[in-house]
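Just below is one structure, and these are the notes that go with it.
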Amino acid sequence: MRRTIASFLLSAVAAITAVAGNVWSIQGTEYTVDTLFHNQIGPGTTQTSLWFRNATTLDALRVFYTTMDMTNPNLSLRGVCATDKLAGNEKISGMAERKSKPGARYMVGVNGDFFYTSGTTRRGDSRVGIPIGPCVVDGEIYKANTNTDFTQFVLDANKQNPIIGCTKFSGLATSASGKTCGVDGVNLVNPSGGNRLIIYNKHFFPYTDTPAGAAEIAMRLADGESFVFGKPFKMVATAAPSTAGDMDIPADGFVIYGLGASADFVKSLKEGDEITVEFHAHIDGKEVFPYTMMSSWPNSLHNGEVTDTEYLLEEFGSNQPVTAVAIADEGKTIMFLTIDGRSPISSGARTTEIADLLRLLGATDAVNMDSGGSSTFYSSSLGVRNVPSDGSERPDGNGIFAVYTAPDDSTIASIAFVDWVAKVPKYGIYRPKFYGYNKYGLLIDTDLHGVTLTCPESVGHVQQDSLFFGD
């Protein structure tokens, strides 16, 4: 394979002298900030590592964040549920490696929602990994709760209109006779109380895990129909209703479960009957059409203002490892950010501090993801960037990723210095390392060789094309 060899100017500003530390104030605490790393890692995507230090309190923060230009045609944003099922857990790096394929390389990601850490179904399968809040992956609903206080990050199929807020779901099922019943959600765990109509699909367990005494019926989509937000679709009953509970879910079908008065709607159906279903999602009164939806809590930054969230949970008012997803530049930019904690070099942050930091970085809205040992910042080319507080990467219930969507291409088209800055004393020696990128901007070589250096004589001189001597 023939590589492009470039000649670079090694300047005193860009690679020889260190940038003086800036002082930032986060929630009233001043920190000296040093940039440890900054580089492009994919199309429209940069990753930056910062170190914040306070000389008085001795607090320190190791910060890892990425910015993604959502106008880039070779970049998309997608969620992943561990093992592609509602239940189950998997490392963020494992999700990325498993899901990546030509035309869809999961190049950077962070952990997602809080999730079940214990419990089993009636058949003894583990519930560990089930996200607490709603989740939509590639347009398919993994979970939807009509009653939830959790906050959602939502992006449509066209990578447009990103929004952060509490989603209100609503649904309606109508039989051929005109009888109606409200739809309460999708794939809800252990439903109880009230009059509820719940739809279960292939992403749940192979069965509904529901108690006996209510009513269930197996369904399929009518020919040519799709289960989508905001548009009516038709379903057809494939069997008679049952009150036995814990019904098997057809591999390519659904089960509708009715509890309380909603059970009468299910019992009124028979095999071959057709119903019309519509399911809607609204945030702040505006209808949204999620292709990607990731939930968590709390909504720590809203319209550029840090929100009062520390009182909501004891952990939110203490220093913890934290992860957040944020919106900037009127939705044109999405940010992932992780702060390490519980370590001598990074004390962690409160929810208001991560919100204030994101505000300083230009974000207007943010939601905190699961924190603590789950906080993970992963890059396919550079590995896990932070140091998870467990000492190693923890399996999570779901994650959210920036995905490279251009064709695979292993030809070097551009290069960049690995080092953000390099201090080279007089008569010192420095051999820089280089990153190599393909024509779409994806980092494909983290130790590129064959680069020729030049520099002004007033700064130093170069030997063997790649070894710098400071004069």
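Order determines the names: the first chain of the structure tokens is A, the second B, and so forth; residues in each chain are numbered 1 upward, and ligands are numbered 1 upward as they are shown.
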Give me, as a PDB file with N, CA, C and O atoms, in the first residue's frame, all polymer residues having an atom no more than 7 Å from Gly304 of chain A, counting only C-alpha atoms and skipping those fewer than 3 positions away in the same chain.
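So the final result, stored in part.pdb, reads:
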ATOM      1  N   LEU A 301     -28.355  20.910  32.410  1.00  0.00           N
ATOM      2  CA  LEU A 301     -28.148  22.189  31.718  1.00  0.00           C
ATOM      3  C   LEU A 301     -29.321  22.389  30.767  1.00  0.00           C
ATOM      4  O   LEU A 301     -29.614  21.512  29.949  1.00  0.00           O
ATOM      5  N   ARG A 359     -21.309  24.200  29.873  1.00  0.00           N
ATOM      6  CA  ARG A 359     -21.709  25.560  29.480  1.00  0.00           C
ATOM      7  C   ARG A 359     -20.491  26.354  29.023  1.00  0.00           C
ATOM      8  O   ARG A 359     -20.541  27.047  27.992  1.00  0.00           O
ATOM      9  N   ALA A 363     -21.934  24.360  25.352  1.00  0.00           N
ATOM     10  CA  ALA A 363     -23.187  23.625  25.307  1.00  0.00           C
ATOM     11  C   ALA A 363     -24.326  24.462  25.868  1.00  0.00           C
ATOM     12  O   ALA A 363     -24.123  25.351  26.714  1.00  0.00           O
ATOM     13  N   THR A 364     -25.531  24.167  25.420  1.00  0.00           N
ATOM     14  CA  THR A 364     -26.729  24.849  25.921  1.00  0.00           C
ATOM     15  C   THR A 364     -27.638  23.912  26.696  1.00  0.00           C
ATOM     16  O   THR A 364     -28.399  24.352  27.562  1.00  0.00           O
ATOM     17  N   ASP A 365     -27.600  22.614  26.384  1.00  0.00           N
ATOM     18  CA  ASP A 365     -28.457  21.637  27.043  1.00  0.00           C
ATOM     19  C   ASP A 365     -27.665  20.359  27.276  1.00  0.00           C
ATOM     20  O   ASP A 365     -26.856  19.961  26.434  1.00  0.00           O
TER      21      ASP A 365
END
When you look at segment 456-471 of chain A with a cut-off of 6 Å (counting only C-alpha atoms), what residues show up, excluding the ones that are within fewer than 5 positions of it in the same chain? I need them as a compact mmCIF listing (two decimals) with all heavy atoms, in the first residue's frame.
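Generated file (around.txt):
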# COMPACT_ATOMS: atom_id res chain seq x y z
N LYS A 426 16.61 23.98 25.18
CA LYS A 426 17.74 24.24 24.31
C LYS A 426 18.67 23.04 24.30
O LYS A 426 18.98 22.48 25.35
CB LYS A 426 18.49 25.49 24.77
CG LYS A 426 19.53 25.98 23.77
CD LYS A 426 20.11 27.32 24.20
CE LYS A 426 21.09 27.84 23.16
NZ LYS A 426 21.64 29.17 23.54
N TYR A 427 19.07 22.64 23.13
CA TYR A 427 19.90 21.46 22.88
C TYR A 427 19.14 20.16 23.15
O TYR A 427 19.74 19.08 23.18
CB TYR A 427 21.20 21.48 23.72
CG TYR A 427 21.97 22.76 23.58
CD1 TYR A 427 22.37 23.48 24.70
CD2 TYR A 427 22.30 23.27 22.31
CE1 TYR A 427 23.07 24.67 24.58
CE2 TYR A 427 22.99 24.46 22.18
CZ TYR A 427 23.37 25.16 23.32
OH TYR A 427 24.07 26.34 23.20
N GLY A 428 17.84 20.25 23.37
CA GLY A 428 17.05 19.06 23.59
C GLY A 428 16.72 18.35 22.29
O GLY A 428 16.87 18.90 21.19
N ILE A 429 16.29 17.11 22.42
CA ILE A 429 15.97 16.27 21.26
C ILE A 429 14.50 15.86 21.33
O ILE A 429 13.99 15.53 22.39
CB ILE A 429 16.86 15.01 21.23
CG1 ILE A 429 18.34 15.40 21.15
CG2 ILE A 429 16.49 14.10 20.07
CD1 ILE A 429 19.28 14.23 21.29
N TYR A 430 13.83 15.88 20.20
CA TYR A 430 12.41 15.54 20.16
C TYR A 430 12.12 14.81 18.85
O TYR A 430 12.44 15.30 17.77
CB TYR A 430 11.58 16.83 20.24
CG TYR A 430 10.09 16.64 20.06
CD1 TYR A 430 9.37 15.78 20.87
CD2 TYR A 430 9.42 17.35 19.07
CE1 TYR A 430 7.99 15.62 20.70
CE2 TYR A 430 8.04 17.21 18.89
CZ TYR A 430 7.34 16.34 19.71
OH TYR A 430 6.00 16.19 19.54
N ARG A 431 11.52 13.62 18.97
CA ARG A 431 11.08 12.89 17.79
C ARG A 431 9.55 12.78 17.86
O ARG A 431 9.01 11.97 18.62
CB ARG A 431 11.69 11.50 17.73
CG ARG A 431 11.40 10.78 16.40
CD ARG A 431 11.89 9.33 16.43
NE ARG A 431 13.31 9.24 16.57
CZ ARG A 431 14.19 9.30 15.56
NH1 ARG A 431 13.74 9.51 14.32
NH2 ARG A 431 15.48 9.18 15.78
Residues at most 7 Å from Gln47 of chain A, counting only C-alpha atoms, excluding those fewer than 6 positions away in the same chain, as an MDAnalysis selection string? chainID A and resid 38:41 65:67
Near segment 320-327 of chain A, within 7 Å and counting only C-alpha atoms, which residues show up once chain neighbours fewer than 4 positions away are dropped, as a list in words?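 Selected residues are Gly331, Thr333, Ile334, Met335, Phe336, Leu337, Thr338, Ile339, Asp340, Gly341, Arg342, Gly348, Ala349, Arg350, Ala363, Thr364, Asp365, Ala366, Val367, Asn368, Met369, Asp370, Ser371, Gly372 and Ser375 of chain A.
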Export N, CA, C and O atoms of the chosen residues as a compact mmCIF listing (two decimals), in the first residue's frame?
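Here's the written file out38.txt:
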# COMPACT_ATOMS: atom_id res chain seq x y z
N GLY A 331 -27.83 22.80 17.94
CA GLY A 331 -28.05 21.43 17.49
C GLY A 331 -27.10 20.93 16.44
O GLY A 331 -27.14 19.75 16.08
N THR A 333 -23.91 20.68 16.83
CA THR A 333 -22.81 19.99 17.51
C THR A 333 -23.36 19.19 18.69
O THR A 333 -24.18 19.70 19.46
N ILE A 334 -22.90 17.94 18.81
CA ILE A 334 -23.21 17.10 19.95
C ILE A 334 -21.90 16.84 20.70
O ILE A 334 -20.84 16.68 20.08
N MET A 335 -21.98 16.78 22.02
CA MET A 335 -20.80 16.57 22.85
C MET A 335 -21.02 15.39 23.78
O MET A 335 -22.10 15.23 24.35
N PHE A 336 -19.99 14.56 23.96
CA PHE A 336 -19.90 13.58 25.04
C PHE A 336 -18.83 14.07 26.00
O PHE A 336 -17.77 14.53 25.55
N LEU A 337 -19.06 13.92 27.30
CA LEU A 337 -18.05 14.35 28.27
C LEU A 337 -18.05 13.41 29.46
O LEU A 337 -19.11 13.05 29.98
N THR A 338 -16.86 13.01 29.88
CA THR A 338 -16.68 12.16 31.06
C THR A 338 -15.64 12.80 31.97
O THR A 338 -14.60 13.27 31.49
N ILE A 339 -15.92 12.81 33.26
CA ILE A 339 -14.97 13.26 34.27
C ILE A 339 -14.66 12.08 35.19
O ILE A 339 -15.58 11.47 35.75
N ASP A 340 -13.39 11.75 35.31
CA ASP A 340 -13.00 10.68 36.22
C ASP A 340 -13.20 11.11 37.68
O ASP A 340 -13.21 12.31 37.99
N GLY A 341 -13.31 10.14 38.56
CA GLY A 341 -13.44 10.44 39.99
C GLY A 341 -12.96 9.28 40.84
O GLY A 341 -12.58 8.22 40.33
N ARG A 342 -13.00 9.54 42.16
CA ARG A 342 -12.57 8.51 43.14
C ARG A 342 -11.13 8.10 42.92
O ARG A 342 -10.78 6.93 43.07
N GLY A 348 -13.57 13.86 40.83
CA GLY A 348 -14.96 13.74 40.40
C GLY A 348 -15.68 15.06 40.52
O GLY A 348 -15.13 16.07 40.97
N ALA A 349 -16.97 15.08 40.14
CA ALA A 349 -17.71 16.34 40.09
C ALA A 349 -19.15 16.14 40.52
O ALA A 349 -19.69 15.03 40.51
N ARG A 350 -19.77 17.24 40.90
CA ARG A 350 -21.20 17.27 41.18
C ARG A 350 -21.95 17.52 39.86
O ARG A 350 -21.36 17.95 38.87
N ALA A 363 -21.93 24.36 25.35
CA ALA A 363 -23.19 23.62 25.31
C ALA A 363 -24.33 24.46 25.87
O ALA A 363 -24.12 25.35 26.71
N THR A 364 -25.53 24.17 25.42
CA THR A 364 -26.73 24.85 25.92
C THR A 364 -27.64 23.91 26.70
O THR A 364 -28.40 24.35 27.56
N ASP A 365 -27.60 22.61 26.38
CA ASP A 365 -28.46 21.64 27.04
C ASP A 365 -27.66 20.36 27.28
O ASP A 365 -26.86 19.96 26.43
N ALA A 366 -27.92 19.71 28.43
CA ALA A 366 -27.18 18.49 28.74
C ALA A 366 -28.00 17.60 29.66
O ALA A 366 -28.80 18.07 30.46
N VAL A 367 -27.76 16.31 29.52
CA VAL A 367 -28.32 15.33 30.45
C VAL A 367 -27.18 14.46 30.95
O VAL A 367 -26.31 14.03 30.18
N ASN A 368 -27.16 14.23 32.27
CA ASN A 368 -26.15 13.35 32.85
C ASN A 368 -26.53 11.90 32.59
O ASN A 368 -27.68 11.50 32.80
N MET A 369 -25.57 11.10 32.15
CA MET A 369 -25.76 9.67 32.01
C MET A 369 -25.48 8.99 33.35
O MET A 369 -25.21 9.64 34.35
N ASP A 370 -25.57 7.66 33.38
CA ASP A 370 -25.23 6.92 34.59
C ASP A 370 -23.80 7.30 35.00
O ASP A 370 -22.94 7.52 34.16
N SER A 371 -23.57 7.39 36.29
CA SER A 371 -22.27 7.85 36.78
C SER A 371 -21.56 6.73 37.53
O SER A 371 -21.82 5.56 37.32
N GLY A 372 -20.62 7.11 38.41
CA GLY A 372 -19.88 6.12 39.19
C GLY A 372 -19.01 5.25 38.31
O GLY A 372 -18.44 5.68 37.31
N SER A 375 -19.12 5.15 34.32
CA SER A 375 -18.63 6.23 33.45
C SER A 375 -17.45 5.75 32.61
O SER A 375 -16.38 5.43 33.12
Let's see if you can do this: from backbone DSSP, list all alpha helix (DSSP H) residues in segment 98-283 of chain A, as JSON, numbers by chain. {"A": [98, 99, 262, 263, 264, 265, 266, 267]}
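The space between atom CA of Leu86 of chain A and atom CA of Ala214 of chain A spans 22.9 Å.
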DSSP strand (DSSP E or B) selection over segment 130-369 of chain A, as number ranges by chain: A: 131, 135-137, 140-145, 151-155, 163-165, 167-175, 180-183, 185-186, 196-200, 207, 215-221, 233-237, 242, 248, 254-259, 274-283, 286-288, 292-296, 301-302, 305-306, 320, 322-328, 333-339, 343, 346, 349, 363-368
Residue neighbourhood Ser374 of chain A, 10 Å, only C-alpha atoms, exclusion window fewer than 3 positions, as a list in words: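 Everything that qualifies: Lys91, Ile92, Val110, Asn111, Gly112, Asp113, Phe114, Pro321, Val322, Thr323, Met369, Asp370, Ser371, Phe377, Pro388, Ser389, Asp390, Ser392, Glu393, Arg394, Pro395, Asp396 and Gly397 of chain A.
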Could you pull the residues within 12 Å of Thr352 of chain A, counting only C-alpha atoms, minus those fewer than 6 positions along the same chain, as a PyMOL selection string? chain A and resi 26-28+298-302+305-312+315-320+322+324+358-359+366-368
Minimum-distance residue to Lys168 of chain A, chosen among A:Asn145, A:Asn187, A:Thr238, A:Thr276 (using only C-alpha atoms): A:Asn145
Calculate how many Å separate atom CA of Arg123 of chain A from atom CA of Asn190 of chain A, rounding to one decimal.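 Between these atoms lies a distance of 12.8 Å.
Nearest residue to Met293 of chain A, choosing from A:Leu58, A:Ala144, A:Val403, A:Met68 and counting only C-alpha atoms: A:Ala144.
Here the question is which of A:Thr452, A:Thr35, A:Thr48, A:Thr83 gets nearest to Phe204 of chain A using only C-alpha atoms, and that residue is A:Thr83.
Rounded to one decimal, atom CA of Ile415 of chain A and atom CA of Tyr435 of chain A lie 5.5 Å from each other.
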Segment 147-154 of chain A: which residues within 8 Å, counting only C-alpha atoms, same-chain residues fewer than 3 positions away excluded, as number ranges by chain? A: 133-134, 162-169, 288, 290-299, 325, 367
Taking only C-alpha atoms into account, which of A:Ala237, A:Ala281, A:Ala222, A:Ala263 comes nearest Ile198 of chain A?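 The closest residue to Ile198 of chain A is A:Ala263.
Compared by their closest atoms to Phe265 of chain A, and using only C-alpha atoms, the residues A:Pro241, A:Phe229, A:Ile249, A:Val108 rank with A:Pro241 nearest.
Considering the residues A:Val186, A:Ile412, A:Ala55, A:Val424 and counting only C-alpha atoms, His280 of chain A has its shortest atom-to-atom contact with A:Val186.
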